[in-house]
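K.L.:
This is the content of upload00.pdb (PDB, C-alpha atoms):
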```
MODEL        1
ATOM      1  CA  MET S   1       0.103   8.225  25.432
ATOM      2  CA  GLY S   2      -3.349   8.252  23.916
ATOM      3  CA  GLY S   3      -6.542  10.184  24.213
ATOM      4  CA  ALA S   4      -5.860  13.896  23.908
ATOM      5  CA  ALA S   5      -2.989  14.155  21.430
ATOM      6  CA  LYS S   6      -3.244  16.205  18.259
ATOM      7  CA  LEU S   7      -1.942  14.514  15.158
ATOM      8  CA  ASN S   8       0.244  16.170  12.560
ATOM      9  CA  VAL S   9       1.559  14.866   9.262
ATOM     10  CA  GLY S  10       5.228  15.064  10.240
ATOM     11  CA  THR S  11       4.739  12.956  13.364
ATOM     12  CA  LEU S  12       2.767  10.316  11.466
ATOM     13  CA  VAL S  13       5.277  10.014   8.636
ATOM     14  CA  GLY S  14       8.043  10.024  11.235
ATOM     15  CA  GLY S  15       6.606   6.788  12.619
ATOM     16  CA  GLY S  16       8.132   4.954   9.693
ATOM     17  CA  ILE S  17      11.525   6.526  10.411
ATOM     18  CA  VAL S  18      11.249   5.451  14.057
ATOM     19  CA  LEU S  19      10.523   1.895  12.962
ATOM     20  CA  LEU S  20      13.473   1.892  10.558
ATOM     21  CA  ARG S  21      15.782   3.205  13.275
ATOM     22  CA  ARG S  22      14.607   0.951  16.108
ATOM     23  CA  ARG S  23      14.108  -2.317  14.177
ATOM     24  CA  PRO S  24      16.518  -2.332  11.193
ATOM     25  CA  GLY S  25      17.062  -6.084  11.471
ATOM     26  CA  ALA S  26      13.340  -6.811  11.260
ATOM     27  CA  VAL S  27      12.945  -4.449   8.315
ATOM     28  CA  LEU S  28      15.779  -6.267   6.530
ATOM     29  CA  VAL S  29      14.053  -9.609   7.127
ATOM     30  CA  TRP S  30      10.797  -8.235   5.713
ATOM     31  CA  MET S  31      12.644  -6.988   2.640
ATOM     32  CA  LEU S  32      14.287 -10.375   2.114
ATOM     33  CA  ILE S  33      10.882 -12.070   2.325
ATOM     34  CA  ASN S  34       9.522  -9.579  -0.219
ATOM     35  CA  LEU S  35      12.543 -10.252  -2.405
ATOM     36  CA  ALA S  36      11.980 -14.018  -2.271
ATOM     37  CA  CYS S  37       8.298 -13.606  -3.172
ATOM     38  CA  LEU S  38       8.966 -11.215  -6.058
ATOM     39  CA  ALA S  39      11.779 -13.383  -7.394
ATOM     40  CA  GLY S  40       9.638 -16.502  -7.144
ATOM     41  CA  LEU S  41       6.786 -14.827  -9.000
ATOM     42  CA  GLU S  42       9.025 -13.716 -11.862
ATOM     43  CA  LEU S  43      10.867 -17.044 -12.057
ATOM     44  CA  MET S  44       7.507 -18.747 -12.368
ATOM     45  CA  SER S  45       6.556 -16.278 -15.122
ATOM     46  CA  ARG S  46       9.805 -17.029 -16.939
ATOM     47  CA  GLN S  47       9.227 -20.777 -16.704
ATOM     48  CA  ILE S  48       5.663 -20.483 -17.992
ATOM     49  CA  TRP S  49       6.731 -18.232 -20.868
ATOM     50  CA  ARG S  50       9.578 -20.527 -21.915
ATOM     51  CA  THR S  51       7.347 -23.597 -21.769
ATOM     52  CA  ASP S  52       4.434 -21.959 -23.578
ATOM     53  CA  PRO S  53       5.008 -18.441 -24.984
ATOM     54  CA  SER S  54       1.269 -18.177 -25.691
ATOM     55  CA  GLY S  55       0.621 -18.219 -21.928
ATOM     56  CA  GLU S  56      -2.204 -20.767 -22.244
ATOM     57  CA  THR S  57      -0.694 -23.185 -19.708
ATOM     58  CA  GLY S  58       0.769 -22.816 -16.253
ATOM     59  CA  GLY S  59      -1.828 -20.286 -15.180
ATOM     60  CA  PHE S  60      -2.777 -22.159 -12.017
ATOM     61  CA  SER S  61       0.836 -22.397 -10.829
ATOM     62  CA  TYR S  62       1.282 -18.682 -11.446
ATOM     63  CA  PHE S  63      -1.938 -18.010  -9.555
ATOM     64  CA  LEU S  64      -0.674 -19.961  -6.535
ATOM     65  CA  VAL S  65       2.601 -18.031  -6.425
ATOM     66  CA  ALA S  66       0.752 -14.731  -6.846
ATOM     67  CA  LEU S  67      -1.645 -15.742  -4.065
ATOM     68  CA  VAL S  68       1.265 -16.469  -1.716
ATOM     69  CA  LEU S  69       2.682 -13.022  -2.483
ATOM     70  CA  ALA S  70      -0.713 -11.380  -1.944
ATOM     71  CA  LEU S  71      -1.106 -13.102   1.429
ATOM     72  CA  MET S  72       2.461 -12.340   2.468
ATOM     73  CA  LEU S  73       1.921  -8.574   2.238
ATOM     74  CA  PRO S  74      -0.699  -8.418   5.039
ATOM     75  CA  VAL S  75       1.475 -10.775   7.121
ATOM     76  CA  LEU S  76       4.407  -8.355   6.788
ATOM     77  CA  PHE S  77       2.131  -5.375   7.406
ATOM     78  CA  THR S  78       0.887  -7.017  10.610
ATOM     79  CA  ALA S  79       4.496  -7.658  11.636
ATOM     80  CA  ALA S  80       5.294  -3.959  11.157
ATOM     81  CA  LEU S  81       2.285  -2.979  13.271
ATOM     82  CA  ARG S  82       3.298  -5.493  15.923
ATOM     83  CA  ALA S  83       6.841  -4.124  16.000
ATOM     84  CA  MET S  84       5.435  -0.678  16.803
ATOM     85  CA  LEU S  85       2.535  -1.588  19.062
ATOM     86  CA  ARG S  86       3.715  -4.752  20.838
ATOM     87  CA  PRO S  87       7.518  -4.493  20.760
ATOM     88  CA  ARG S  88       7.903  -6.725  23.802
ATOM     89  CA  GLU S  89       6.455  -9.726  21.962
ATOM     90  CA  VAL S  90       9.357 -11.955  21.001
ATOM     91  CA  GLU S  91       8.433 -13.389  17.594
ATOM     92  CA  PHE S  92      11.334 -13.391  15.123
ATOM     93  CA  ALA S  93      11.210 -10.036  13.266
ATOM     94  CA  SER S  94       7.732  -9.637  14.822
ATOM     95  CA  LEU S  95       6.497 -12.242  12.318
ATOM     96  CA  ASP S  96       3.655 -14.601  13.072
ATOM     97  CA  VAL S  97       0.858 -16.371  11.231
ATOM     98  CA  GLY S  98      -2.065 -16.336  13.619
ATOM     99  CA  MET S  99      -5.385 -14.707  14.341
ATOM    100  CA  ASP S 100      -4.000 -11.171  14.108
ATOM    101  CA  GLU S 101      -2.889 -11.851  10.535
ATOM    102  CA  LEU S 102      -6.238 -13.425   9.662
ATOM    103  CA  ARG S 103      -8.037 -10.403  11.094
ATOM    104  CA  VAL S 104      -5.854  -8.014   9.084
ATOM    105  CA  ILE S 105      -6.542  -9.997   5.896
ATOM    106  CA  GLY S 106     -10.269  -9.982   6.609
ATOM    107  CA  LEU S 107     -10.168  -6.287   7.455
ATOM    108  CA  GLY S 108      -8.363  -5.591   4.197
ATOM    109  CA  LEU S 109     -11.131  -7.330   2.259
ATOM    110  CA  LEU S 110     -13.768  -5.417   4.224
ATOM    111  CA  VAL S 111     -12.017  -2.104   3.573
ATOM    112  CA  SER S 112     -11.903  -2.920  -0.150
ATOM    113  CA  ILE S 113     -15.669  -3.432  -0.116
ATOM    114  CA  ILE S 114     -16.193  -0.158   1.771
ATOM    115  CA  TRP S 115     -13.980   1.646  -0.764
ATOM    116  CA  SER S 116     -16.041   0.239  -3.642
ATOM    117  CA  VAL S 117     -19.361   1.086  -2.003
ATOM    118  CA  ALA S 118     -18.240   4.628  -1.130
ATOM    119  CA  GLY S 119     -16.975   5.168  -4.664
ATOM    120  CA  GLY S 120     -20.205   3.796  -6.114
ATOM    121  CA  ILE S 121     -22.365   6.080  -3.958
ATOM    122  CA  VAL S 122     -20.334   9.170  -4.832
ATOM    123  CA  GLY S 123     -20.360   8.181  -8.506
ATOM    124  CA  PHE S 124     -24.142   7.700  -8.439
ATOM    125  CA  ILE S 125     -24.690  11.104  -6.812
ATOM    126  CA  THR S 126     -22.393  12.960  -9.208
ATOM    127  CA  ALA S 127     -23.392  11.054 -12.358
ATOM    128  CA  PRO S 128     -26.233  13.444 -13.381
ATOM    129  CA  LEU S 129     -23.918  16.455 -13.151
ATOM    130  CA  THR S 130     -21.196  14.689 -15.125
ATOM    131  CA  PHE S 131     -23.692  13.630 -17.781
ATOM    132  CA  ALA S 132     -25.125  17.145 -18.058
ATOM    133  CA  LEU S 133     -21.698  18.710 -18.454
ATOM    134  CA  SER S 134     -20.494  16.188 -21.025
ATOM    135  CA  SER S 135     -23.677  16.034 -23.095
ATOM    136  CA  GLY S 136     -22.803  19.079 -25.175
ATOM    137  CA  SER S 137     -20.859  18.800 -28.410
ATOM    138  CA  GLU S 138     -17.888  20.787 -27.077
ATOM    139  CA  PRO S 139     -17.940  21.535 -23.328
ATOM    140  CA  GLY S 140     -16.501  24.934 -22.501
ATOM    141  CA  THR S 141     -13.575  25.642 -20.227
ATOM    142  CA  GLY S 142     -15.813  26.159 -17.214
ATOM    143  CA  ALA S 143     -17.547  22.825 -17.761
ATOM    144  CA  ALA S 144     -14.195  21.093 -18.165
ATOM    145  CA  VAL S 145     -12.966  22.564 -14.878
ATOM    146  CA  VAL S 146     -16.118  21.449 -13.092
ATOM    147  CA  MET S 147     -15.705  17.935 -14.521
ATOM    148  CA  VAL S 148     -12.146  17.788 -13.199
ATOM    149  CA  VAL S 149     -13.354  18.941  -9.776
ATOM    150  CA  VAL S 150     -16.106  16.296  -9.805
ATOM    151  CA  ALA S 151     -13.551  13.619 -10.726
ATOM    152  CA  LEU S 152     -11.331  14.705  -7.820
ATOM    153  CA  ILE S 153     -14.313  14.604  -5.454
ATOM    154  CA  ARG S 154     -15.106  11.079  -6.633
ATOM    155  CA  LEU S 155     -11.601  10.062  -5.655
ATOM    156  CA  LEU S 156     -11.247  12.201  -2.520
ATOM    157  CA  ILE S 157     -14.374  11.165  -0.631
ATOM    158  CA  PRO S 158     -13.675   7.392  -0.707
ATOM    159  CA  CYS S 159     -10.075   8.152   0.341
ATOM    160  CA  LEU S 160     -11.326  10.203   3.305
ATOM    161  CA  VAL S 161     -13.657   7.362   4.259
ATOM    162  CA  LEU S 162     -10.695   4.968   4.232
ATOM    163  CA  ALA S 163      -8.642   7.394   6.328
ATOM    164  CA  SER S 164     -11.529   7.552   8.807
ATOM    165  CA  ILE S 165     -11.461   3.786   9.375
ATOM    166  CA  SER S 166      -7.728   3.195   8.862
ATOM    167  CA  LEU S 167      -7.044   2.971  12.597
ATOM    168  CA  ALA S 168      -8.945  -0.323  12.581
ATOM    169  CA  PHE S 169      -5.674  -1.921  11.443
ATOM    170  CA  PRO S 170      -3.612  -1.013  14.527
ATOM    171  CA  LEU S 171      -6.677  -1.685  16.682
ATOM    172  CA  VAL S 172      -6.462  -5.314  15.561
ATOM    173  CA  LEU S 173      -3.127  -5.529  17.424
ATOM    174  CA  ILE S 174      -4.375  -3.529  20.403
ATOM    175  CA  ARG S 175      -7.883  -4.925  20.923
ATOM    176  CA  ARG S 176      -7.444  -8.260  19.115
ATOM    177  CA  ARG S 177     -10.696  -7.533  17.274
ATOM    178  CA  ILE S 178     -11.924  -5.728  14.159
ATOM    179  CA  LEU S 179     -13.475  -2.496  15.425
ATOM    180  CA  LEU S 180     -14.566  -0.158  12.649
ATOM    181  CA  ASP S 181     -16.767   1.862  14.991
ATOM    182  CA  GLU S 182     -13.926   2.632  17.409
ATOM    183  CA  ALA S 183     -11.600   3.418  14.497
ATOM    184  CA  TRP S 184     -14.151   5.892  13.127
ATOM    185  CA  ARG S 185     -14.600   7.497  16.543
ATOM    186  CA  LEU S 186     -10.860   7.823  17.176
ATOM    187  CA  SER S 187     -10.262   9.474  13.806
ATOM    188  CA  GLU S 188     -12.836  12.216  14.389
ATOM    189  CA  GLY S 189     -11.012  15.523  14.082
ATOM    190  CA  HIS S 190      -7.903  13.795  12.704
ATOM    191  CA  VAL S 191      -9.039  12.639   9.270
ATOM    192  CA  TRP S 192      -7.108  15.256   7.311
ATOM    193  CA  PRO S 193      -3.744  14.645   9.012
ATOM    194  CA  LEU S 194      -4.233  10.908   8.494
ATOM    195  CA  PHE S 195      -5.204  11.358   4.856
ATOM    196  CA  LEU S 196      -2.329  13.747   4.117
ATOM    197  CA  ALA S 197       0.175  11.441   5.818
ATOM    198  CA  TYR S 198      -0.986   8.466   3.745
ATOM    199  CA  LEU S 199      -0.992  10.631   0.631
ATOM    200  CA  GLY S 200       2.551  11.806   1.374
ATOM    201  CA  VAL S 201       3.752   8.231   1.819
ATOM    202  CA  ALA S 202       2.047   7.158  -1.407
ATOM    203  CA  ALA S 203       3.528  10.111  -3.312
ATOM    204  CA  GLY S 204       7.003   9.354  -1.972
ATOM    205  CA  LEU S 205       6.700   5.697  -2.961
ATOM    206  CA  THR S 206       5.529   6.722  -6.429
ATOM    207  CA  LEU S 207       8.617   8.896  -6.875
ATOM    208  CA  VAL S 208      10.800   6.028  -5.666
ATOM    209  CA  GLY S 209       9.061   3.778  -8.169
ATOM    210  CA  PHE S 210       9.762   6.215 -11.006
ATOM    211  CA  ALA S 211      13.422   6.382  -9.973
ATOM    212  CA  ILE S 212      13.691   2.592  -9.898
ATOM    213  CA  LEU S 213      12.012   2.314 -13.298
ATOM    214  CA  ALA S 214      14.427   4.857 -14.752
ATOM    215  CA  VAL S 215      17.399   2.863 -13.438
ATOM    216  CA  ILE S 216      16.311  -0.626 -14.450
ATOM    217  CA  ASP S 217      14.117  -0.038 -17.506
ATOM    218  CA  TRP S 218      14.801   3.266 -19.230
ATOM    219  CA  PRO S 219      12.686   2.517 -22.368
ATOM    220  CA  ALA S 220       9.610   1.939 -20.226
ATOM    221  CA  PHE S 221      10.344   5.065 -18.164
ATOM    222  CA  ALA S 222      10.872   7.185 -21.283
ATOM    223  CA  GLY S 223       7.658   5.799 -22.727
ATOM    224  CA  LEU S 224       5.730   7.424 -19.900
ATOM    225  CA  PHE S 225       6.744  10.874 -21.141
ATOM    226  CA  ASN S 226       7.002  10.527 -24.922
ATOM    227  CA  GLY S 227       3.458   9.591 -25.752
ATOM    228  CA  GLY S 228       3.700   6.045 -24.399
ATOM    229  CA  ASN S 229       5.769   4.005 -26.832
ATOM    230  CA  SER S 230       4.184   0.733 -25.774
ATOM    231  CA  ASP S 231       6.063  -1.332 -28.381
ATOM    232  CA  VAL S 232       9.465  -0.326 -27.004
ATOM    233  CA  ALA S 233       8.352  -0.770 -23.391
ATOM    234  CA  GLY S 234       6.766  -4.130 -24.199
ATOM    235  CA  LEU S 235       9.926  -5.315 -25.946
ATOM    236  CA  ALA S 236      12.013  -4.300 -22.938
ATOM    237  CA  GLN S 237       9.693  -6.230 -20.607
ATOM    238  CA  LEU S 238       9.845  -9.276 -22.886
ATOM    239  CA  ILE S 239      13.642  -9.149 -22.849
ATOM    240  CA  GLN S 240      13.563  -9.011 -19.038
ATOM    241  CA  ILE S 241      11.345 -12.103 -18.813
ATOM    242  CA  ALA S 242      13.041 -14.123 -21.559
ATOM    243  CA  GLY S 243      16.621 -13.147 -20.758
ATOM    244  CA  PRO S 244      18.929 -14.697 -18.188
ATOM    245  CA  VAL S 245      18.882 -13.899 -14.504
ATOM    246  CA  ASP S 246      21.819 -11.507 -14.414
ATOM    247  CA  ALA S 247      23.096  -8.913 -11.974
ATOM    248  CA  MET S 248      20.659  -6.263 -13.229
ATOM    249  CA  THR S 249      17.760  -8.652 -12.713
ATOM    250  CA  ILE S 250      18.780  -9.161  -9.091
ATOM    251  CA  VAL S 251      19.190  -5.401  -8.658
ATOM    252  CA  ARG S 252      15.688  -4.891 -10.044
ATOM    253  CA  TRP S 253      14.232  -7.480  -7.690
ATOM    254  CA  THR S 254      16.060  -5.958  -4.743
ATOM    255  CA  LEU S 255      14.973  -2.392  -5.501
ATOM    256  CA  ASN S 256      11.349  -3.438  -6.003
ATOM    257  CA  ALA S 257      11.421  -5.410  -2.750
ATOM    258  CA  ALA S 258      12.911  -2.384  -0.955
ATOM    259  CA  GLN S 259      10.174  -0.139  -2.336
ATOM    260  CA  THR S 260       7.437  -2.536  -1.203
ATOM    261  CA  THR S 261       9.011  -2.859   2.240
ATOM    262  CA  LEU S 262       9.277   0.909   2.632
ATOM    263  CA  GLY S 263       5.586   1.178   1.804
ATOM    264  CA  ILE S 264       4.765  -1.339   4.525
ATOM    265  CA  VAL S 265       7.056   0.358   7.055
ATOM    266  CA  PHE S 266       5.806   3.904   6.510
ATOM    267  CA  MET S 267       2.108   3.035   6.241
ATOM    268  CA  ALA S 268       2.245   0.835   9.324
ATOM    269  CA  GLY S 269       4.394   3.412  11.094
ATOM    270  CA  ALA S 270       1.868   6.180  10.436
ATOM    271  CA  MET S 271      -1.113   4.076  11.543
ATOM    272  CA  ALA S 272       0.630   2.732  14.638
ATOM    273  CA  THR S 273       1.847   6.187  15.651
ATOM    274  CA  ALA S 274      -1.690   7.567  15.347
ATOM    275  CA  ALA S 275      -3.024   4.691  17.417
ATOM    276  CA  ARG S 276      -0.380   5.184  20.114
ATOM    277  CA  MET S 277      -1.357   8.840  20.364
ATOM    278  CA  LEU S 278      -5.136   8.383  20.278
ATOM    279  CA  VAL S 279      -5.960   5.058  21.889
ATOM    280  CA  PRO S 280      -6.125   5.176  25.707
ATOM    281  CA  ASP S 281      -4.088   2.717  27.780
ATOM    282  CA  THR S 282      -1.480   1.834  25.161
ATOM    283  CA  ASP S 283       1.542   2.849  27.229
ATOM    284  CA  GLN S 284       2.040  -0.611  28.647
ATOM    285  CA  LEU S 285       2.164  -2.054  25.119
ATOM    286  CA  THR S 286       4.527   0.471  23.538
ATOM    287  CA  ASP S 287       6.851   1.672  26.285
ATOM    288  CA  THR S 288       9.977   0.491  24.443
ATOM    289  CA  PHE S 289       9.064   2.763  21.535
ATOM    290  CA  SER S 290       8.319   5.827  23.636
TER     291      SER S 290
ENDMDL
END
```
Starting from the file, lay out its structure as structure tokens.
P.N.:
Amino acid sequence: MGGAAKLNVGTLVGGGIVLLRRRPGAVLVWMLINLACLAGLELMSRQIWRTDPSGETGGFSYFLVALVLALMLPVLFTAALRAMLRPREVEFASLDVGMDELRVIGLGLLVSIIWSVAGGIVGFITAPLTFALSSGSEPGTGAAVVMVVVALIRLLIPCLVLASISLAFPLVLIRRRILLDEAWRLSEGHVWPLFLAYLGVAAGLTLVGFAILAVIDWPAFAGLFNGGNSDVAGLAQLIQIAGPVDAMTIVRWTLNAAQTTLGIVFMAGAMATAARMLVPDTDQLTDTFS
């Protein structure tokens, strides 16, 4: 594979399904790791709240647990990429903590900076138009529509920039280096399929998140659609933190861990599938997934 293929959204999203079907055991391990991290973070929150309801102490301990969780996500994401791109490597559940993971973490930080810079540039360019349209006492319908379009452009362009360099993540596993220039070159002519695939995955995960919220915390879910009853939602969250660890708590942790794992699987699956189709000389790495 690689070189002349034409990407489509269905094939990219289907990469996550392929990963689920071919490596269910690894996906289960990733979910259990997510579950342990999420449970640990909430148990730490519960302990801090019970010790000091004002939240003035225990912040450093909470920060350490949150940092472990934040670092675990790129480790799991790298494992998902490795499972697709280097399936013959024999690490347990494709997990490792090495240079590939450090590169992915560094690349994630770099991509965050690029996102911020791209958003700042677009915001600077469109700021005069936004100011002119909003300076009137009551902007008309046409001005309001233009402002909505400008807001969408401010969001769309940085997202397209990220889609253009997103293949740098699978390239870390293929080239063992961070290569933004090659990622940009490979994505030429394929930015929209990449963007729409990522958008589809994000939209699906959002719907899953809404469904989970409706199951485990109906007051908070209802508050999203009845004007935002923050007092009721806040009380429900307080009861969750202060109450005992019961069966519903474990269900909530499990569903949230499953949602996070699905996000990792489908995002990594889409990126790895694109890389397998576009990067030359990847057949020897991925033949067991062909």
K.L.:
Can you tell me, as a ChimeraX atom specification, what residues are no more than 10 Å from S:Leu160 when counting all atoms listed in the file, ignoring any on the same chain fewer than 5 positions away?
P.N.:
/S:115,118,155,165-166,191-192,194-196
K.L.:
Could you list, as a PyMOL selection string, every residue matched by the PyMOL selection byres ((chain S and resi 90-103) around 6) in this structure?
P.N.:
chain S and resi 26+75+79+83+89+104-107
K.L.:
Please write the residues picked by the PyMOL selection byres ((chain S and resi 204-210) around 9) on this file as a list in words.
P.N.:
Leu199, Gly200, Val201, Ala202, Ala203, Ala211, Ile212, Leu213, Ala214, Val215, Phe221, Leu255, Asn256, Gln259, Thr260, Leu262 and Gly263 of chain S
K.L.:
Once you add 8 Å to each side, what are the centre and edge lengths of the axis-aligned box holding all listed atoms of stretch 246-265 of chain S? One decimal in Å, as lines of an AutoDock Vina configuration file, if you can.
P.N.:
```
center_x = 13.9
center_y = -5.2
center_z = -3.7
size_x = 34.3
size_y = 28.7
size_z = 37.5
```
K.L.:
Measuring between all atoms listed in the file, which one of S:Ala270, S:Leu156, S:Cys37, S:Met277 shows the shortest distance to S:Gly10?
P.N.:
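Smallest distance to S:Gly10 is found for S:Ala270.
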K.L.:
The PyMOL selection byres ((chain S and resi 170) around 12) - which residues does that actually catch in the file I just gave you? List them as a PyMOL selection string.
P.N.:
chain S and resi 77-86+100-101+103-104+107+165-169+171-180+182-183+186+267-279+282
K.L.:
Using all atoms listed in the file, can you tell me which of S:Asp181, S:Trp30, S:Arg23, S:Ala220 comes closest to S:Ala258?
P.N.:
S:Trp30
K.L.:
Rank S:Val18, S:Leu38, S:Val27, S:Leu32 by their smallest atom-to-atom distance to S:Trp253, using all atoms listed in the file, and report the top residue only.
P.N.:
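Closest to S:Trp253, using all atoms listed in the file: S:Leu38.
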K.L.:
Kindly give the distance, in Å, that separates atom CA of S:Gly120 and atom CA of S:Ile264, rounded to a single decimal.
P.N.:
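Pair atom CA of S:Gly120 / atom CA of S:Ile264 returns 27.6 Å.
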K.L.:
Quick check, in Å to one decimal: how far apart do atom CA of S:Leu162 and atom CA of S:Gly14 lie?
P.N.:
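The value is 20.6 Å.
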K.L.:
Could you tell me how far atom CA of S:Val13 lies from atom CA of S:Ala197, in Å and to one decimal?
P.N.:
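Pair atom CA of S:Val13 / atom CA of S:Ala197 returns 6.0 Å.
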